[in-house]
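**Student:** Here it is, the structure in full.
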Amino acid sequence: MRPNLHRPERATPGDLATCREMIRTGSRSFFAASLLLPEHVRNGAYALYAFCRFSDDSVDVEHGGEAAVERLATRLDAIYAGAPADGAVDRALADAVEQYDIPRAPFDALLEGLAWDAVGRSCETLSDLYAYSARVAGAVGAMMTVLMGAREPHMAARATDLGVAMQLTNVARDVGEDARAGRLYLPRAWMREAGLDPDAWLAQPTYSPEIAQIVSRLLQHADELYRRSDVGISALPAAFRPAIYAARLLYAEIGEGVARAGFDSVSSRSVVPTSRKLQLVTRALTRTWRTGAHAELHATALPQTQFLVDAIAAANVQTSADVIGGVRRDVKWVIDLFAALDERPRRLA
């Protein structure tokens, strides 16, 4: 997308304040971190978070369903046409899209995931969960490859691996919380294999050795994808590696917390203490990287994320000079993108 230099509707200070408030009330810890951002990058992060949050609320909280998804698609049409609707989030996101030349495909993937939520699409298998995760999380990874100027297919593949791994971790962490809200994200086929009736369990969710085994199994798949993503992180420009690796470590630590609790994420929810977060960030900042093996770096994408990899390759987006010349400024925006992912509800089935 070429910047529309003549677009009259630009985000106002009030628009940006609205987006800022959405992250302040939605995620206090990440709001505090965002205060370290240069203003222009901070505003872009707020705009993206605000759109993700607004989209989720429109479909889920306000029970807008498929009609809400259609309205969101229309608003994206206007944003990408350089004529955003008269709203704070729309104007702010339009500015971010122009500034960073963000392709639309990841946004469309997100809306497709929301549409699946709206119709109550079931997660029968791990493949189904991967497909959903590709849309609500892998899309963020694909977007980041553009931000960092790492748009090669193998880099997009590793980035989407990381996004899907994070989503699997979220699902493993929130089993009880989701179930009490009437939501089930564990593969139903796995539950039946373990002798559990998914609907009966959802009506009365309780911890059991069978549930622990399923959660453990899911985290094993997440760990495999984290390892696949590591070679992609090692191939990033050096200035980007600490932020991406920190995000990877923080999410993987959530899974470690679930494991330490005996894989009981029904009775409790894994939380990473601040002291541990600081240790992990320090580890990310001090790690010495070696280039990964060529075969590992160029491994094929997950079948469920291949469409995102193809879309990034086809977009042929030209990285803006601001991204090339301001690597250190954009690193923290990447973390804020993961913040938006962390706060996003998961409503499959």
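Here, A, B, ... name the chains of the structure tokens in the order displayed, residue numbers run from 1 inside each chain, and ligands are numbered from 1 in the same displayed order.
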Enumerate, as a ChimeraX atom specification, the complete set of residues in stretch 99-247 of chain A that a backbone-based DSSP assignment places in alpha helix (DSSP H).

**Tutor:** /A:99-100,105-118,126-133,139-147,153-173,175-180,188-193,198-203,209-234,241-247

**Student:** Which residues are near A:Leu186? Cut-off 12 Å, only C-alpha atoms, ignore same chain within fewer than 4 positions. Put them as a VMD selection string.

**Tutor:** chain A and resid 122 to 130 167 to 176 178 to 179 190 to 192 196 198 to 199 201 to 202 211 to 219 265 346 to 349

**Student:** Take the residues from that selection and write them out as a short mmCIF file (atom, residue, chain, number, x, y, z; two decimals), in the first residue's frame, keeping N, CA and C atoms.

**Tutor:**
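Output saved as result35.cif:
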data_model
loop_
_atom_site.label_atom_id
_atom_site.label_comp_id
_atom_site.auth_asym_id
_atom_site.auth_seq_id
_atom_site.Cartn_x
_atom_site.Cartn_y
_atom_site.Cartn_z
N SER A 122 -16.12 -25.42 15.84
CA SER A 122 -15.56 -26.32 16.84
C SER A 122 -14.10 -26.65 16.56
N CYS A 123 -13.37 -26.88 17.63
CA CYS A 123 -11.96 -27.29 17.55
C CYS A 123 -11.92 -28.80 17.79
N GLU A 124 -12.02 -29.56 16.76
CA GLU A 124 -12.07 -31.00 16.90
C GLU A 124 -10.69 -31.62 17.05
N THR A 125 -9.73 -31.12 16.30
CA THR A 125 -8.39 -31.71 16.27
C THR A 125 -7.32 -30.64 16.55
N LEU A 126 -6.09 -31.10 16.71
CA LEU A 126 -4.98 -30.18 16.85
C LEU A 126 -4.84 -29.33 15.58
N SER A 127 -5.09 -29.93 14.44
CA SER A 127 -5.02 -29.18 13.19
C SER A 127 -6.01 -28.02 13.19
N ASP A 128 -7.20 -28.25 13.73
CA ASP A 128 -8.20 -27.18 13.84
C ASP A 128 -7.68 -26.05 14.73
N LEU A 129 -7.06 -26.42 15.84
CA LEU A 129 -6.54 -25.42 16.76
C LEU A 129 -5.39 -24.65 16.11
N TYR A 130 -4.55 -25.33 15.35
CA TYR A 130 -3.50 -24.66 14.60
C TYR A 130 -4.09 -23.65 13.61
N GLN A 167 -0.08 -18.99 21.15
CA GLN A 167 -1.51 -19.24 21.29
C GLN A 167 -1.77 -20.58 21.98
N LEU A 168 -1.00 -21.59 21.65
CA LEU A 168 -1.15 -22.88 22.33
C LEU A 168 -0.87 -22.73 23.82
N THR A 169 0.12 -21.92 24.16
CA THR A 169 0.42 -21.67 25.57
C THR A 169 -0.75 -20.99 26.25
N ASN A 170 -1.34 -20.00 25.58
CA ASN A 170 -2.51 -19.33 26.14
C ASN A 170 -3.64 -20.31 26.41
N VAL A 171 -3.89 -21.19 25.46
CA VAL A 171 -4.96 -22.17 25.62
C VAL A 171 -4.67 -23.08 26.81
N ALA A 172 -3.42 -23.55 26.93
CA ALA A 172 -3.05 -24.43 28.04
C ALA A 172 -3.19 -23.72 29.38
N ARG A 173 -2.86 -22.44 29.43
CA ARG A 173 -2.94 -21.68 30.67
C ARG A 173 -4.38 -21.46 31.13
N ASP A 174 -5.29 -21.27 30.19
CA ASP A 174 -6.64 -20.77 30.50
C ASP A 174 -7.73 -21.83 30.45
N VAL A 175 -7.37 -23.10 30.58
CA VAL A 175 -8.35 -24.17 30.46
C VAL A 175 -9.54 -23.95 31.40
N GLY A 176 -9.25 -23.74 32.69
CA GLY A 176 -10.33 -23.58 33.65
C GLY A 176 -11.11 -22.30 33.45
N ASP A 178 -11.49 -20.51 30.74
CA ASP A 178 -12.31 -20.60 29.54
C ASP A 178 -13.52 -21.51 29.76
N ALA A 179 -13.29 -22.64 30.41
CA ALA A 179 -14.38 -23.59 30.62
C ALA A 179 -15.49 -22.98 31.46
N TRP A 190 -8.83 -35.28 21.38
CA TRP A 190 -7.92 -35.69 22.45
C TRP A 190 -8.69 -36.04 23.71
N MET A 191 -9.71 -35.30 24.01
CA MET A 191 -10.49 -35.56 25.22
C MET A 191 -11.19 -36.91 25.13
N ARG A 192 -11.76 -37.18 23.96
CA ARG A 192 -12.42 -38.48 23.81
C ARG A 192 -11.42 -39.63 23.89
N LEU A 196 -12.86 -38.85 28.07
CA LEU A 196 -13.68 -37.74 28.55
C LEU A 196 -14.68 -37.32 27.49
N PRO A 198 -16.35 -34.31 25.94
CA PRO A 198 -16.07 -32.88 25.96
C PRO A 198 -17.22 -32.02 26.49
N ASP A 199 -18.43 -32.30 26.06
CA ASP A 199 -19.56 -31.48 26.48
C ASP A 199 -19.89 -31.69 27.96
N TRP A 201 -17.76 -32.64 30.26
CA TRP A 201 -16.70 -32.00 31.04
C TRP A 201 -16.88 -30.49 31.07
N LEU A 202 -17.27 -29.92 29.95
CA LEU A 202 -17.45 -28.47 29.89
C LEU A 202 -18.57 -28.02 30.82
N ILE A 211 -7.04 -34.67 32.13
CA ILE A 211 -6.90 -33.28 31.67
C ILE A 211 -5.43 -32.87 31.74
N ALA A 212 -4.74 -33.28 32.80
CA ALA A 212 -3.32 -32.95 32.94
C ALA A 212 -2.53 -33.51 31.76
N GLN A 213 -2.84 -34.72 31.34
CA GLN A 213 -2.13 -35.33 30.22
C GLN A 213 -2.38 -34.55 28.92
N ILE A 214 -3.61 -34.09 28.73
CA ILE A 214 -3.95 -33.33 27.53
C ILE A 214 -3.22 -31.99 27.52
N VAL A 215 -3.21 -31.31 28.66
CA VAL A 215 -2.52 -30.02 28.76
C VAL A 215 -1.03 -30.21 28.52
N SER A 216 -0.45 -31.25 29.10
CA SER A 216 0.96 -31.54 28.89
C SER A 216 1.25 -31.79 27.42
N ARG A 217 0.39 -32.53 26.79
CA ARG A 217 0.56 -32.84 25.36
C ARG A 217 0.52 -31.57 24.51
N LEU A 218 -0.39 -30.66 24.85
CA LEU A 218 -0.49 -29.40 24.11
C LEU A 218 0.77 -28.57 24.27
N LEU A 219 1.29 -28.52 25.50
CA LEU A 219 2.50 -27.73 25.75
C LEU A 219 3.72 -28.34 25.07
N SER A 265 -4.36 -26.38 35.08
CA SER A 265 -4.78 -25.03 34.75
C SER A 265 -6.29 -24.89 34.83
N ARG A 346 -9.95 -15.81 23.46
CA ARG A 346 -9.94 -16.96 22.56
C ARG A 346 -11.29 -17.65 22.67
N ARG A 347 -12.05 -17.68 21.57
CA ARG A 347 -13.44 -18.09 21.69
C ARG A 347 -13.79 -19.19 20.69
N LEU A 348 -12.90 -20.08 20.38
CA LEU A 348 -13.19 -21.14 19.43
C LEU A 348 -13.98 -22.24 20.13
N ALA A 349 -15.13 -22.58 19.62
CA ALA A 349 -16.02 -23.65 20.13
C ALA A 349 -16.71 -23.26 21.42
#

**Student:** Please produce, as JSON lines, a per-residue contact table for stretch 222-258 of chain A versus stretch 142-152 of chain A (criterion: any atom at most 9 Å away, only C-alpha atoms considered), showing the nearest atom pair and its distance in Å to one decimal, sorted by chain then residue number.

**Tutor:**
{"residue": "A:Leu236", "atom": "CA", "partner": "A:Ala150", "partner_atom": "CA", "distance": 7.1}
{"residue": "A:Pro237", "atom": "CA", "partner": "A:Met148", "partner_atom": "CA", "distance": 8.1}
{"residue": "A:Phe240", "atom": "CA", "partner": "A:Met148", "partner_atom": "CA", "distance": 7.7}

**Student:** Output all heavy atoms of each residue in that selection to a file, as a compact mmCIF listing (two decimals), in the first residue's frame.

**Tutor:**
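The new file out-v4.txt reads:
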# COMPACT_ATOMS: atom_id res chain seq x y z
N LEU A 236 17.38 -12.89 12.60
CA LEU A 236 16.93 -11.51 12.55
C LEU A 236 18.12 -10.56 12.67
O LEU A 236 19.17 -10.93 13.17
CB LEU A 236 15.97 -11.22 13.72
CG LEU A 236 14.56 -11.81 13.65
CD1 LEU A 236 13.85 -11.60 14.97
CD2 LEU A 236 13.77 -11.17 12.51
N PRO A 237 17.94 -9.30 12.23
CA PRO A 237 18.96 -8.29 12.54
C PRO A 237 19.21 -8.27 14.05
O PRO A 237 18.28 -8.41 14.85
CB PRO A 237 18.32 -6.98 12.05
CG PRO A 237 17.40 -7.42 10.96
CD PRO A 237 16.85 -8.75 11.40
N PHE A 240 16.95 -6.67 16.76
CA PHE A 240 15.61 -7.18 17.00
C PHE A 240 15.59 -8.41 17.90
O PHE A 240 14.57 -8.74 18.49
CB PHE A 240 14.93 -7.53 15.68
CG PHE A 240 14.41 -6.35 14.93
CD1 PHE A 240 14.96 -5.99 13.71
CD2 PHE A 240 13.36 -5.59 15.42
CE1 PHE A 240 14.49 -4.90 13.00
CE2 PHE A 240 12.88 -4.50 14.72
CZ PHE A 240 13.45 -4.15 13.51

**Student:** Which is closest to A:Lys277 among A:Ala45, A:Ala301, A:Val89, A:Ala252, if we use only C-alpha atoms?

**Tutor:**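 Distance minimum relative to A:Lys277 lands on A:Ala252.
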
**Student:** Calculated over only C-alpha atoms, which of the candidates A:Val136, A:Ala246, A:Ala11, A:Ala314 has the smallest distance to A:Leu110?

**Tutor:**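 Going through A:Val136, A:Ala246, A:Ala11, A:Ala314 one by one, the smallest distance to A:Leu110 is for A:Val136.
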
**Student:** Which residue gives the smallest distance to A:Met166 among A:Ile254, A:Ala47, A:Ile233, A:Ala261, with only C-alpha atoms counted?

**Tutor:** A:Ile254

**Student:** For the atom pair atom CA of A:Ala239 and atom CA of A:Arg227, what is the interatomic distance in Å to one decimal place?

**Tutor:** 20.3 Å
